[in-house]
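Presented below is the structure to which this report refers.
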Amino acid sequence: MKLDGKVAIITGAASGMGQAMALLFAREGATVVVADVNEVGGQETVRRIQEEARETSGQMERAAGAEARPTYGATDGRAEFVKVDVSQADQVKRLVDSTVNNYGKLNIMVNNAGVALLGKDGKIADVAEDTWDRVIAINLKGVYLGMKYAIPPMLKQGGGVIINTASIAGLVGFPSLAAYCASKGGIVQLTKATALDYGRDNLRVNAICPGVIRTAMTETMLADRETKEGMERTTPLPRLGEPEDIARAALYLASDEASFVTGTTLVVDGGWTAQ
């Protein structure tokens, strides 16, 4: 179990990449706090974690005999949902405080919540101010707040891990996505600056830059067959990414296997940005 006994907060965990991270982290022994503005989806993530734990425990009990103690990591599928808007400082602070109060520590903070306002984002001269403000507030300010409130308890306990979900749009430009590109580029640089500031405190800070991943956020774009086939055709590994691809990258960064990795941007895009 790579995360045995660890406590993790994952924002944006009601669906897509965040949900995949939550499920995988729980399988690897972590207690997972599922944080999202979407209460229905967040509760579903918790239900799936707990259901998997029961199924795994039952299978192991049947295989090993009734006297053997079945296990699902160190937590037996322990998970809870907290409704939070990551753009609101009081809600993020309450999320971190309640986690530390309930579980005694916070080992891993995954700032994954994000939006892409397709159809409203666009060329910078055409982007409405409220669209700009919302994208920056959720995507970039949300990461800032997550780190701001997670770092103090991590420092008190002697270290921790922060993972920020950026995007290949934070590395290269995309037409008609000015606000989104700005927000994700900001995450990349904020991650590097924070890693430098806290490396000597045993706090590792890294970012993941996903390529095109099949999620609810990309569903509208990928519904167009020509667009979908074009993305597959221009990706060296000729397929779209799955949420589990990003979850496995996050697991690596969260685990002790990445103990000498900080300030980096892990690109998971099938080779798209290598072109």
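Scheme for the structure tokens: letters A, B, ... for chains in order shown; per-chain residue numbers from 1; ligand numbers from 1 in order shown.
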Please identify which residues in region 52-240 of chain A DSSP calls helix (DSSP H, G or I) from the backbone, and express them as a PyMOL selection string. chain A and resi 52-64+89-103+124-126+129-157+168-170+178-201+219-222+225-233
Could you give me, as a Markdown table, a per-residue list for region 117-194 of chain A showing, wherever an atom lies at most 12 Å from an atom of region 77-85 of chain A, the closest pair of atoms and their distance in Å to one decimal, using only C-alpha atoms and sorting by chain then residue number from low to high?
```
| residue | atom | partner | partner_atom | distance |
| --- | --- | --- | --- | --- |
| A:Arg134 | CA | A:Asp85 | CA | 11.6 |
| A:Ala137 | CA | A:Asp85 | CA | 10.0 |
| A:Ile138 | CA | A:Asp85 | CA | 8.1 |
| A:Asn139 | CA | A:Asp85 | CA | 11.2 |
| A:Lys141 | CA | A:Asp85 | CA | 11.0 |
| A:Gly142 | CA | A:Asp85 | CA | 8.4 |
| A:Val143 | CA | A:Asp85 | CA | 11.6 |
| A:Leu145 | CA | A:Asp85 | CA | 10.7 |
| A:Gly146 | CA | A:Asp85 | CA | 10.9 |
```
Check the DSSP output for the backbone and give back, as a ChimeraX atom specification, the residues of region 174-233 of chain A in strand (DSSP E). /A:203-210
Calculate how many Å separate CA of Gly230 (chain A) from CA of Met21 (chain A), rounding to one decimal.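 The value is 27.5 Å.
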Pick from A:Gly270, A:Gly241, A:Gly18, A:Gly199, whichever lies nearest to Val32 (chain A) using only C-alpha atoms: A:Gly18
For Glu232 (chain A), work out the shell of residues within 12 Å, counting only C-alpha atoms and skipping chain neighbours fewer than 4 positions away, then give it as an NGL selection string. :A and (211-214 or 222 or 225-228 or 236-241 or 269-272)
Residues just named, written with N, CA and C atoms as a PDB file, in the first residue's frame:
```
ATOM      1  N   GLY A 211      -3.148  16.096 -20.694  1.00  0.00           N
ATOM      2  CA  GLY A 211      -3.545  16.426 -22.054  1.00  0.00           C
ATOM      3  C   GLY A 211      -5.053  16.362 -22.148  1.00  0.00           C
ATOM      4  N   VAL A 212      -5.563  15.925 -23.282  1.00  0.00           N
ATOM      5  CA  VAL A 212      -7.011  15.807 -23.446  1.00  0.00           C
ATOM      6  C   VAL A 212      -7.470  14.503 -22.794  1.00  0.00           C
ATOM      7  N   ILE A 213      -8.257  14.643 -21.739  1.00  0.00           N
ATOM      8  CA  ILE A 213      -8.723  13.509 -20.941  1.00  0.00           C
ATOM      9  C   ILE A 213     -10.242  13.406 -21.071  1.00  0.00           C
ATOM     10  N   ARG A 214     -10.739  12.186 -21.133  1.00  0.00           N
ATOM     11  CA  ARG A 214     -12.198  11.989 -21.211  1.00  0.00           C
ATOM     12  C   ARG A 214     -12.836  12.292 -19.851  1.00  0.00           C
ATOM     13  N   LEU A 222     -15.493  16.789 -27.148  1.00  0.00           N
ATOM     14  CA  LEU A 222     -15.244  15.484 -27.760  1.00  0.00           C
ATOM     15  C   LEU A 222     -16.483  14.890 -28.408  1.00  0.00           C
ATOM     16  N   ARG A 225     -17.286  14.603 -33.582  1.00  0.00           N
ATOM     17  CA  ARG A 225     -16.472  13.482 -34.059  1.00  0.00           C
ATOM     18  C   ARG A 225     -15.186  13.957 -34.720  1.00  0.00           C
ATOM     19  N   GLU A 226     -15.261  15.007 -35.500  1.00  0.00           N
ATOM     20  CA  GLU A 226     -14.072  15.501 -36.200  1.00  0.00           C
ATOM     21  C   GLU A 226     -13.025  15.992 -35.206  1.00  0.00           C
ATOM     22  N   THR A 227     -13.478  16.700 -34.175  1.00  0.00           N
ATOM     23  CA  THR A 227     -12.553  17.184 -33.150  1.00  0.00           C
ATOM     24  C   THR A 227     -11.900  16.021 -32.417  1.00  0.00           C
ATOM     25  N   LYS A 228     -12.712  15.053 -32.023  1.00  0.00           N
ATOM     26  CA  LYS A 228     -12.197  13.890 -31.294  1.00  0.00           C
ATOM     27  C   LYS A 228     -11.171  13.135 -32.127  1.00  0.00           C
ATOM     28  N   PRO A 236       0.870  11.439 -30.365  1.00  0.00           N
ATOM     29  CA  PRO A 236       1.793  10.348 -30.697  1.00  0.00           C
ATOM     30  C   PRO A 236       1.337   8.982 -30.184  1.00  0.00           C
ATOM     31  N   LEU A 237       0.828   8.923 -28.972  1.00  0.00           N
ATOM     32  CA  LEU A 237       0.147   7.708 -28.519  1.00  0.00           C
ATOM     33  C   LEU A 237      -1.312   7.914 -28.904  1.00  0.00           C
ATOM     34  N   PRO A 238      -1.755   7.315 -30.007  1.00  0.00           N
ATOM     35  CA  PRO A 238      -2.991   7.750 -30.672  1.00  0.00           C
ATOM     36  C   PRO A 238      -4.289   7.376 -29.960  1.00  0.00           C
ATOM     37  N   ARG A 239      -4.481   7.991 -28.806  1.00  0.00           N
ATOM     38  CA  ARG A 239      -5.740   7.819 -28.081  1.00  0.00           C
ATOM     39  C   ARG A 239      -5.926   9.020 -27.167  1.00  0.00           C
ATOM     40  N   LEU A 240      -7.102   9.152 -26.609  1.00  0.00           N
ATOM     41  CA  LEU A 240      -7.350  10.166 -25.598  1.00  0.00           C
ATOM     42  C   LEU A 240      -6.996   9.601 -24.227  1.00  0.00           C
ATOM     43  N   GLY A 241      -6.685  10.491 -23.306  1.00  0.00           N
ATOM     44  CA  GLY A 241      -6.358  10.044 -21.965  1.00  0.00           C
ATOM     45  C   GLY A 241      -7.600   9.708 -21.163  1.00  0.00           C
ATOM     46  N   ASP A 269       0.246  13.495 -21.404  1.00  0.00           N
ATOM     47  CA  ASP A 269      -0.518  13.932 -22.587  1.00  0.00           C
ATOM     48  C   ASP A 269      -0.321  13.049 -23.811  1.00  0.00           C
ATOM     49  N   GLY A 270       0.226  11.839 -23.610  1.00  0.00           N
ATOM     50  CA  GLY A 270       0.435  10.953 -24.747  1.00  0.00           C
ATOM     51  C   GLY A 270       1.461  11.458 -25.741  1.00  0.00           C
ATOM     52  N   GLY A 271       2.301  12.398 -25.301  1.00  0.00           N
ATOM     53  CA  GLY A 271       3.349  12.929 -26.174  1.00  0.00           C
ATOM     54  C   GLY A 271       2.951  14.158 -26.967  1.00  0.00           C
ATOM     55  N   TRP A 272       1.760  14.700 -26.711  1.00  0.00           N
ATOM     56  CA  TRP A 272       1.245  15.799 -27.542  1.00  0.00           C
ATOM     57  C   TRP A 272       2.159  17.018 -27.533  1.00  0.00           C
TER      58      TRP A 272
END
```
Write out as number ranges by chain each polymer residue whose atoms come within 10 Å of region 262-268 of chain A, counting only C-alpha atoms; drop sequence neighbours fewer than 2 positions from it. A: 161-168, 171, 187-196, 198-199, 202-213, 241, 245-246, 249-250, 253, 258-260, 270-274
Those same residues - C-alpha atoms - I'd like them written as a compact mmCIF listing (two decimals), in the first residue's frame.
```txt
# COMPACT_ATOMS: atom_id res chain seq x y z
CA VAL A 161 2.83 16.66 -0.31
CA ILE A 162 0.92 19.08 -2.52
CA ILE A 163 -0.20 18.22 -6.04
CA ASN A 164 -1.74 20.86 -8.28
CA THR A 165 -3.65 20.00 -11.45
CA ALA A 166 -2.56 22.31 -14.25
CA SER A 167 -2.89 21.50 -17.97
CA ILE A 168 -0.95 21.38 -21.21
CA LEU A 171 2.55 25.10 -21.21
CA ILE A 187 -0.58 27.14 -11.57
CA VAL A 188 2.65 25.89 -13.15
CA GLN A 189 4.65 28.91 -11.96
CA LEU A 190 2.97 29.06 -8.54
CA THR A 191 3.86 25.40 -8.04
CA LYS A 192 7.53 26.06 -8.80
CA ALA A 193 7.72 29.11 -6.53
CA THR A 194 6.07 27.27 -3.64
CA ALA A 195 8.34 24.24 -4.06
CA LEU A 196 11.38 26.51 -3.73
CA TYR A 198 9.22 25.09 1.29
CA GLY A 199 11.69 22.45 0.13
CA ASN A 202 10.23 18.67 3.81
CA LEU A 203 7.24 19.80 1.78
CA ARG A 204 7.07 18.60 -1.82
CA VAL A 205 5.01 20.58 -4.33
CA ASN A 206 4.41 19.38 -7.89
CA ALA A 207 1.98 19.91 -10.75
CA ILE A 208 0.40 17.56 -13.25
CA CYS A 209 -0.34 18.78 -16.77
CA PRO A 210 -2.97 16.52 -18.33
CA GLY A 211 -3.54 16.43 -22.05
CA VAL A 212 -7.01 15.81 -23.45
CA ILE A 213 -8.72 13.51 -20.94
CA GLY A 241 -6.36 10.04 -21.97
CA ASP A 245 -3.98 7.93 -16.36
CA ILE A 246 -3.90 11.11 -14.29
CA ALA A 249 0.55 10.05 -12.02
CA ALA A 250 -0.87 11.67 -8.89
CA LEU A 253 3.82 12.10 -6.84
CA ALA A 258 8.70 10.52 -5.53
CA SER A 259 10.57 11.53 -2.36
CA PHE A 260 13.21 13.43 -4.39
CA GLY A 270 0.44 10.95 -24.75
CA GLY A 271 3.35 12.93 -26.17
CA TRP A 272 1.24 15.80 -27.54
CA THR A 273 3.51 18.61 -26.28
CA ALA A 274 6.65 16.82 -27.49
```
Quick one: of A:Arg94, A:Lys184, A:Arg200, A:Lys148, who's nearest to Val115 (chain A), counting only C-alpha atoms?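 Closest to Val115 (chain A), using only C-alpha atoms: A:Lys184.
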Using only C-alpha atoms, find the one residue out of A:Val40, A:Ala116, A:Met17, A:Val7 that sits nearest to Met217 (chain A). A:Ala116
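Nearest-residue note for Gln275 (chain A): choosing from A:Thr235, A:Asn38, A:Ser87, A:Gln59, the minimum distance belongs to A:Thr235, counting only C-alpha atoms.
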